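Visitor: input-v4.txt (compact mmCIF, C-alpha atoms) pasted underneath:
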```txt
# COMPACT_ATOMS: atom_id res chain seq x y z
CA SER Z 1 48.79 1.47 59.33
CA MET Z 2 48.80 4.99 57.93
CA GLN Z 3 48.67 3.51 54.43
CA ASP Z 4 45.50 1.60 55.29
CA LYS Z 5 43.84 4.66 56.76
CA TYR Z 6 44.93 7.23 54.18
CA PRO Z 7 45.12 6.17 50.51
CA ASP Z 8 47.37 9.12 49.58
CA VAL Z 9 50.15 8.28 52.07
CA LYS Z 10 53.47 7.15 50.64
CA LEU Z 11 56.71 6.27 52.35
CA VAL Z 12 60.00 7.54 50.97
CA CYS Z 13 62.97 5.51 52.20
CA ASN Z 14 66.56 6.56 51.94
CA TRP Z 15 68.05 3.38 53.38
CA PRO Z 16 70.42 1.99 50.76
CA ASN Z 17 73.27 -0.02 52.22
CA ALA Z 18 76.28 -0.12 49.93
CA TYR Z 19 77.86 -2.91 52.00
CA THR Z 20 74.98 -5.38 51.89
CA GLY Z 21 73.09 -4.21 48.80
CA THR Z 22 69.87 -4.00 50.82
CA ASN Z 23 67.42 -1.13 51.16
CA GLY Z 24 64.97 -2.29 53.83
CA LYS Z 25 62.38 -3.65 51.39
CA GLU Z 26 62.24 -7.09 53.01
CA GLU Z 27 61.68 -5.63 56.48
CA LEU Z 28 58.90 -3.37 55.20
CA GLU Z 29 57.17 -6.29 53.47
CA LYS Z 30 57.35 -8.33 56.70
CA ALA Z 31 55.75 -5.40 58.52
CA GLY Z 32 52.83 -5.38 56.08
CA ILE Z 33 53.75 -2.15 54.26
CA ASP Z 34 52.36 -1.84 50.73
CA ILE Z 35 55.61 -1.77 48.74
CA ASN Z 36 53.74 -0.26 45.76
CA ARG Z 37 53.37 2.88 47.87
CA VAL Z 38 57.03 3.07 48.88
CA ILE Z 39 59.64 5.10 47.02
CA PHE Z 40 63.14 3.71 47.52
CA VAL Z 41 65.87 6.30 47.06
CA GLU Z 42 69.00 4.70 45.63
CA LEU Z 43 72.58 5.78 46.19
CA PHE Z 44 73.46 8.89 44.17
CA ASN Z 45 75.08 12.29 44.55
CA ASN Z 46 73.95 13.94 47.79
CA THR Z 47 73.33 17.27 46.05
CA TYR Z 48 69.94 15.94 44.92
CA MET Z 49 68.67 15.22 48.43
CA ALA Z 50 67.25 18.73 48.95
CA GLU Z 51 64.96 18.14 45.97
CA ILE Z 52 63.79 14.85 47.47
CA TYR Z 53 63.22 16.47 50.87
CA GLN Z 54 61.15 19.23 49.26
CA ASN Z 55 58.80 16.59 47.87
CA THR Z 56 58.00 15.12 51.28
CA ASP Z 57 55.88 16.30 54.18
CA ILE Z 58 57.65 15.04 57.28
CA GLY Z 59 60.90 13.28 58.17
CA ILE Z 60 61.06 10.38 60.59
CA PHE Z 61 64.21 9.84 62.64
CA PRO Z 62 63.43 7.24 65.34
CA SER Z 63 67.07 6.54 66.12
CA ARG Z 64 68.01 4.41 69.12
CA CYS Z 65 71.61 5.48 69.33
CA GLU Z 66 72.30 8.65 67.36
CA ALA Z 67 75.34 9.81 69.33
CA GLY Z 68 75.73 13.00 67.31
CA THR Z 69 73.19 15.44 65.99
CA ASN Z 70 72.28 13.45 62.84
CA LEU Z 71 73.50 15.17 59.68
CA VAL Z 72 70.65 13.85 57.51
CA MET Z 73 68.09 15.24 59.96
CA MET Z 74 69.96 18.55 59.97
CA GLU Z 75 69.82 18.69 56.17
CA TYR Z 76 66.13 17.84 56.23
CA MET Z 77 65.34 20.55 58.78
CA ALA Z 78 67.48 23.08 56.89
CA CYS Z 79 65.17 22.52 53.91
CA GLY Z 80 62.28 23.82 56.03
CA LYS Z 81 60.83 20.42 56.75
CA PRO Z 82 59.54 19.19 60.12
CA ALA Z 83 61.10 16.12 61.67
CA ILE Z 84 59.85 13.53 64.11
CA ALA Z 85 62.94 12.56 66.10
CA THR Z 86 63.89 10.57 69.16
CA ILE Z 87 64.91 13.04 71.85
CA LYS Z 88 66.98 10.84 74.16
CA THR Z 89 69.85 10.79 71.68
CA GLY Z 90 72.19 13.41 70.22
CA GLN Z 91 69.19 14.63 68.22
CA SER Z 92 68.04 16.40 71.40
CA ASP Z 93 70.63 19.08 70.62
CA LEU Z 94 68.47 20.13 67.68
CA ILE Z 95 64.85 19.08 68.06
CA ASN Z 96 62.27 20.69 70.32
CA SER Z 97 58.52 21.19 70.26
CA SER Z 98 58.71 24.43 68.28
CA ASN Z 99 60.97 23.21 65.45
CA GLY Z 100 60.02 19.52 65.32
CA LEU Z 101 58.01 16.73 66.85
CA PRO Z 102 59.96 15.13 69.72
CA LEU Z 103 59.49 11.37 69.87
CA ASN Z 104 59.32 9.72 73.28
CA SER Z 105 61.11 6.55 74.27
CA ILE Z 106 59.61 3.59 76.10
CA GLY Z 107 62.77 2.62 77.97
CA ASP Z 108 66.06 0.90 77.49
CA TYR Z 109 67.06 -1.32 74.60
CA LEU Z 110 69.94 -3.56 75.63
CA LEU Z 111 72.35 -4.26 72.80
CA LYS Z 112 74.05 -7.58 73.48
CA ASP Z 113 77.01 -9.34 71.95
CA GLU Z 114 76.98 -12.94 70.73
CA ASN Z 115 77.53 -14.15 74.33
CA GLY Z 116 74.52 -12.26 75.67
CA LYS Z 117 76.63 -9.63 77.43
CA THR Z 118 75.15 -6.12 77.32
CA ILE Z 119 77.56 -3.93 75.37
CA SER Z 120 75.42 -0.80 75.08
CA ILE Z 121 72.18 0.63 76.38
CA TRP Z 122 70.08 2.54 73.90
CA GLU Z 123 66.69 4.22 74.13
CA GLU Z 124 63.80 2.37 72.48
CA PRO Z 125 61.58 4.76 70.44
CA ASP Z 126 57.88 4.61 71.27
CA VAL Z 127 56.22 3.29 68.10
CA ASP Z 128 52.70 4.16 69.31
CA HIS Z 129 53.81 7.74 69.93
CA LEU Z 130 55.40 7.82 66.45
CA VAL Z 131 52.11 6.72 64.88
CA SER Z 132 50.18 9.35 66.84
CA LEU Z 133 52.65 12.06 65.71
CA LEU Z 134 52.24 10.95 62.10
CA GLU Z 135 48.47 10.99 62.48
CA TRP Z 136 48.59 14.47 64.02
CA SER Z 137 50.89 15.68 61.24
CA TYR Z 138 48.60 14.32 58.53
CA ASN Z 139 45.65 16.19 60.03
CA ASN Z 140 47.55 19.43 60.81
CA ARG Z 141 49.43 20.23 57.63
CA SER Z 142 49.45 24.00 58.14
CA LYS Z 143 50.91 23.52 61.62
CA ILE Z 144 53.67 21.22 60.41
CA LYS Z 145 54.59 23.79 57.75
CA LYS Z 146 55.09 26.35 60.54
CA ILE Z 147 57.18 23.82 62.45
CA GLY Z 148 59.25 23.28 59.29
CA LYS Z 149 59.89 27.03 59.02
CA GLU Z 150 61.12 27.01 62.62
CA ALA Z 151 63.34 24.03 61.80
CA SER Z 152 64.92 26.02 58.98
CA LYS Z 153 65.51 28.98 61.31
CA THR Z 154 67.15 26.70 63.86
CA MET Z 155 69.44 25.19 61.27
CA SER Z 156 70.39 28.56 59.80
CA LYS Z 157 72.13 29.27 63.12
CA LYS Z 158 74.01 25.95 63.12
CA THR Z 159 76.88 26.96 60.87
CA TRP Z 160 80.20 25.13 60.87
CA SER Z 161 81.85 28.05 62.68
CA HIS Z 162 79.08 28.12 65.31
CA MET Z 163 79.40 24.41 65.90
CA ALA Z 164 83.22 24.62 66.11
CA GLU Z 165 82.92 27.41 68.69
CA SER Z 166 80.48 25.25 70.67
CA VAL Z 167 82.93 22.35 70.71
CA LEU Z 168 85.82 24.61 71.68
CA GLY Z 169 83.70 25.98 74.51
CA LEU Z 170 83.43 22.47 75.92
CA ILE Z 171 87.18 21.90 75.92
```
Would you put the structure from the file into structure tokens?
Guide:
Amino acid sequence: SMQDKYPDVKLVCNWPNAYTGTNGKEELEKAGIDINRVIFVELFNNTYMAEIYQNTDIGIFPSRCEAGTNLVMMEYMACGKPAIATIKTGQSDLINSSNGLPLNSIGDYLLKDENGKTISIWEEPDVDHLVSLLEWSYNNRSKIKKIGKEASKTMSKKTWSHMAESVLGLI
């Protein structure tokens, strides 16, 4: 893992679930992640997120089914931070190779109901590609800062009025 290879790497997780009271800790422990090098962000006022984003190097958004453009990723990019994001989802409306690190998929993930019937087909993010993008980012910090600046420029054009005009143009 990145933690094994680089002693200064930490993971910041913003995964609190108000409905279940979980934050992903158990899953990370099962995956062999050193929990002592994980910072769990708890639920609090969203106005503090920009400060948290500013204290990170790269955002990871390996969503299988992000139908929209991903508001959290948009906030992250607006803060001038580069994002690794799955591109076969709604995130493709925002992320490209100049303002982020597009994450490939390895094929379909079939979401099934309790009877085994496929109810949705999602894209499965390529974990090996994600690791290689993280590795590249770790070793190219000046390049990811430039990508983050491009991300901020992209997001500065995505105002509410611009987005509303885009939607109206589709109608």
Visitor: From the list Z:Gly24, Z:Pro125, Z:Gly68, Z:Pro16, which residue is nearest Asn104 of chain Z when using only C-alpha atoms?
Guide: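 Using only C-alpha atoms, the shortest distance to Asn104 of chain Z belongs to Z:Pro125.
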Visitor: Please measure the separation of atom CA of Asn99 of chain Z and atom CA of Ile33 of chain Z, giving the value in Å to one decimal.
Guide: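 One can read the atom CA of Asn99 of chain Z to atom CA of Ile33 of chain Z distance as 28.6 Å.
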Visitor: Which residue out of Z:Thr56, Z:Asn36, Z:Thr22, Z:Ser105 has the minimum interatomic distance to Lys88 of chain Z when all atoms listed in the file are used?
Guide: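 Checking each candidate against Lys88 of chain Z, we get Z:Ser105 as the closest.
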Visitor: Using all atoms listed in the file, which protein or nucleic acid residues come within 6 Å of segment 71-81 of chain Z? Drop anything in the same chain fewer than 5 positions from it, and give the result as an NGL selection string.
Guide: :Z and (148-149 or 151-152 or 155)
Visitor: Excluding Ser132 of chain Z and its own-chain neighbours fewer than 2 positions away, which residues fall within 12 Å of it when counting all atoms listed in the file? Please give them as JSON, numbers by chain.
Guide: {"Z": [1, 2, 84, 101, 102, 103, 104, 126, 127, 128, 129, 130, 134, 135, 136, 137, 138, 139]}
Visitor: Got a minute to add N, CA, C and O atoms to segment 97-120 of chain Z and dump it as a PDB file, keeping the file's coordinate frame?
Guide:
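What ended up in part_0.pdb:
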```
ATOM      1  N   SER Z  97      59.930  21.172  70.669  1.00  0.00           N
ATOM      2  CA  SER Z  97      58.520  21.190  70.260  1.00  0.00           C
ATOM      3  C   SER Z  97      58.158  22.365  69.362  1.00  0.00           C
ATOM      4  O   SER Z  97      57.078  22.362  68.775  1.00  0.00           O
ATOM      5  N   SER Z  98      59.040  23.346  69.205  1.00  0.00           N
ATOM      6  CA  SER Z  98      58.710  24.430  68.280  1.00  0.00           C
ATOM      7  C   SER Z  98      59.287  24.210  66.881  1.00  0.00           C
ATOM      8  O   SER Z  98      58.775  24.739  65.915  1.00  0.00           O
ATOM      9  N   ASN Z  99      60.357  23.410  66.765  1.00  0.00           N
ATOM     10  CA  ASN Z  99      60.970  23.210  65.450  1.00  0.00           C
ATOM     11  C   ASN Z  99      60.877  21.759  64.962  1.00  0.00           C
ATOM     12  O   ASN Z  99      61.461  21.406  63.958  1.00  0.00           O
ATOM     13  N   GLY Z 100      60.166  20.926  65.703  1.00  0.00           N
ATOM     14  CA  GLY Z 100      60.020  19.520  65.320  1.00  0.00           C
ATOM     15  C   GLY Z 100      58.989  18.832  66.179  1.00  0.00           C
ATOM     16  O   GLY Z 100      58.268  19.477  66.944  1.00  0.00           O
ATOM     17  N   LEU Z 101      58.933  17.535  66.056  1.00  0.00           N
ATOM     18  CA  LEU Z 101      58.010  16.730  66.850  1.00  0.00           C
ATOM     19  C   LEU Z 101      58.834  15.708  67.634  1.00  0.00           C
ATOM     20  O   LEU Z 101      59.230  14.672  67.093  1.00  0.00           O
ATOM     21  N   PRO Z 102      59.151  16.040  68.899  1.00  0.00           N
ATOM     22  CA  PRO Z 102      59.960  15.130  69.720  1.00  0.00           C
ATOM     23  C   PRO Z 102      59.264  13.794  69.942  1.00  0.00           C
ATOM     24  O   PRO Z 102      58.085  13.750  70.291  1.00  0.00           O
ATOM     25  N   LEU Z 103      60.014  12.726  69.739  1.00  0.00           N
ATOM     26  CA  LEU Z 103      59.490  11.370  69.870  1.00  0.00           C
ATOM     27  C   LEU Z 103      59.955  10.768  71.193  1.00  0.00           C
ATOM     28  O   LEU Z 103      61.156  10.722  71.473  1.00  0.00           O
ATOM     29  N   ASN Z 104      59.014  10.322  71.989  1.00  0.00           N
ATOM     30  CA  ASN Z 104      59.320   9.720  73.280  1.00  0.00           C
ATOM     31  C   ASN Z 104      59.953   8.346  73.125  1.00  0.00           C
ATOM     32  O   ASN Z 104      59.849   7.707  72.083  1.00  0.00           O
ATOM     33  N   SER Z 105      60.563   7.900  74.194  1.00  0.00           N
ATOM     34  CA  SER Z 105      61.110   6.550  74.270  1.00  0.00           C
ATOM     35  C   SER Z 105      60.299   5.754  75.284  1.00  0.00           C
ATOM     36  O   SER Z 105      59.666   6.322  76.168  1.00  0.00           O
ATOM     37  N   ILE Z 106      60.341   4.436  75.157  1.00  0.00           N
ATOM     38  CA  ILE Z 106      59.610   3.590  76.100  1.00  0.00           C
ATOM     39  C   ILE Z 106      60.533   2.909  77.101  1.00  0.00           C
ATOM     40  O   ILE Z 106      60.082   2.139  77.932  1.00  0.00           O
ATOM     41  N   GLY Z 107      61.824   3.207  77.029  1.00  0.00           N
ATOM     42  CA  GLY Z 107      62.770   2.620  77.970  1.00  0.00           C
ATOM     43  C   GLY Z 107      64.026   2.164  77.275  1.00  0.00           C
ATOM     44  O   GLY Z 107      64.316   2.547  76.146  1.00  0.00           O
ATOM     45  N   ASP Z 108      64.769   1.341  77.976  1.00  0.00           N
ATOM     46  CA  ASP Z 108      66.060   0.900  77.490  1.00  0.00           C
ATOM     47  C   ASP Z 108      65.958  -0.254  76.500  1.00  0.00           C
ATOM     48  O   ASP Z 108      65.124  -1.141  76.640  1.00  0.00           O
ATOM     49  N   TYR Z 109      66.836  -0.213  75.514  1.00  0.00           N
ATOM     50  CA  TYR Z 109      67.060  -1.320  74.600  1.00  0.00           C
ATOM     51  C   TYR Z 109      68.475  -1.801  74.864  1.00  0.00           C
ATOM     52  O   TYR Z 109      69.425  -1.024  74.733  1.00  0.00           O
ATOM     53  N   LEU Z 110      68.620  -3.031  75.296  1.00  0.00           N
ATOM     54  CA  LEU Z 110      69.940  -3.560  75.630  1.00  0.00           C
ATOM     55  C   LEU Z 110      70.546  -4.236  74.413  1.00  0.00           C
ATOM     56  O   LEU Z 110      70.042  -5.251  73.944  1.00  0.00           O
ATOM     57  N   LEU Z 111      71.631  -3.663  73.918  1.00  0.00           N
ATOM     58  CA  LEU Z 111      72.350  -4.260  72.800  1.00  0.00           C
ATOM     59  C   LEU Z 111      73.329  -5.270  73.391  1.00  0.00           C
ATOM     60  O   LEU Z 111      74.135  -4.935  74.253  1.00  0.00           O
ATOM     61  N   LYS Z 112      73.221  -6.512  72.930  1.00  0.00           N
ATOM     62  CA  LYS Z 112      74.050  -7.580  73.480  1.00  0.00           C
ATOM     63  C   LYS Z 112      74.955  -8.165  72.424  1.00  0.00           C
ATOM     64  O   LYS Z 112      74.632  -8.189  71.248  1.00  0.00           O
ATOM     65  N   ASP Z 113      76.105  -8.663  72.877  1.00  0.00           N
ATOM     66  CA  ASP Z 113      77.010  -9.340  71.950  1.00  0.00           C
ATOM     67  C   ASP Z 113      76.579 -10.784  71.781  1.00  0.00           C
ATOM     68  O   ASP Z 113      75.547 -11.211  72.316  1.00  0.00           O
ATOM     69  N   GLU Z 114      77.353 -11.555  71.018  1.00  0.00           N
ATOM     70  CA  GLU Z 114      76.980 -12.940  70.730  1.00  0.00           C
ATOM     71  C   GLU Z 114      76.944 -13.831  71.973  1.00  0.00           C
ATOM     72  O   GLU Z 114      76.334 -14.902  71.964  1.00  0.00           O
ATOM     73  N   ASN Z 115      77.547 -13.379  73.077  1.00  0.00           N
ATOM     74  CA  ASN Z 115      77.530 -14.150  74.330  1.00  0.00           C
ATOM     75  C   ASN Z 115      76.429 -13.704  75.276  1.00  0.00           C
ATOM     76  O   ASN Z 115      76.339 -14.192  76.393  1.00  0.00           O
ATOM     77  N   GLY Z 116      75.612 -12.748  74.833  1.00  0.00           N
ATOM     78  CA  GLY Z 116      74.520 -12.260  75.670  1.00  0.00           C
ATOM     79  C   GLY Z 116      74.920 -11.166  76.640  1.00  0.00           C
ATOM     80  O   GLY Z 116      74.110 -10.727  77.452  1.00  0.00           O
ATOM     81  N   LYS Z 117      76.154 -10.696  76.552  1.00  0.00           N
ATOM     82  CA  LYS Z 117      76.630  -9.630  77.430  1.00  0.00           C
ATOM     83  C   LYS Z 117      76.158  -8.274  76.877  1.00  0.00           C
ATOM     84  O   LYS Z 117      76.311  -7.989  75.685  1.00  0.00           O
ATOM     85  N   THR Z 118      75.588  -7.444  77.738  1.00  0.00           N
ATOM     86  CA  THR Z 118      75.150  -6.120  77.320  1.00  0.00           C
ATOM     87  C   THR Z 118      76.379  -5.277  77.006  1.00  0.00           C
ATOM     88  O   THR Z 118      77.270  -5.123  77.844  1.00  0.00           O
ATOM     89  N   ILE Z 119      76.420  -4.750  75.785  1.00  0.00           N
ATOM     90  CA  ILE Z 119      77.560  -3.930  75.370  1.00  0.00           C
ATOM     91  C   ILE Z 119      77.178  -2.458  75.203  1.00  0.00           C
ATOM     92  O   ILE Z 119      78.042  -1.603  75.122  1.00  0.00           O
ATOM     93  N   SER Z 120      75.874  -2.184  75.165  1.00  0.00           N
ATOM     94  CA  SER Z 120      75.420  -0.800  75.080  1.00  0.00           C
ATOM     95  C   SER Z 120      73.952  -0.731  75.485  1.00  0.00           C
ATOM     96  O   SER Z 120      73.211  -1.695  75.322  1.00  0.00           O
TER      97      SER Z 120
END
```
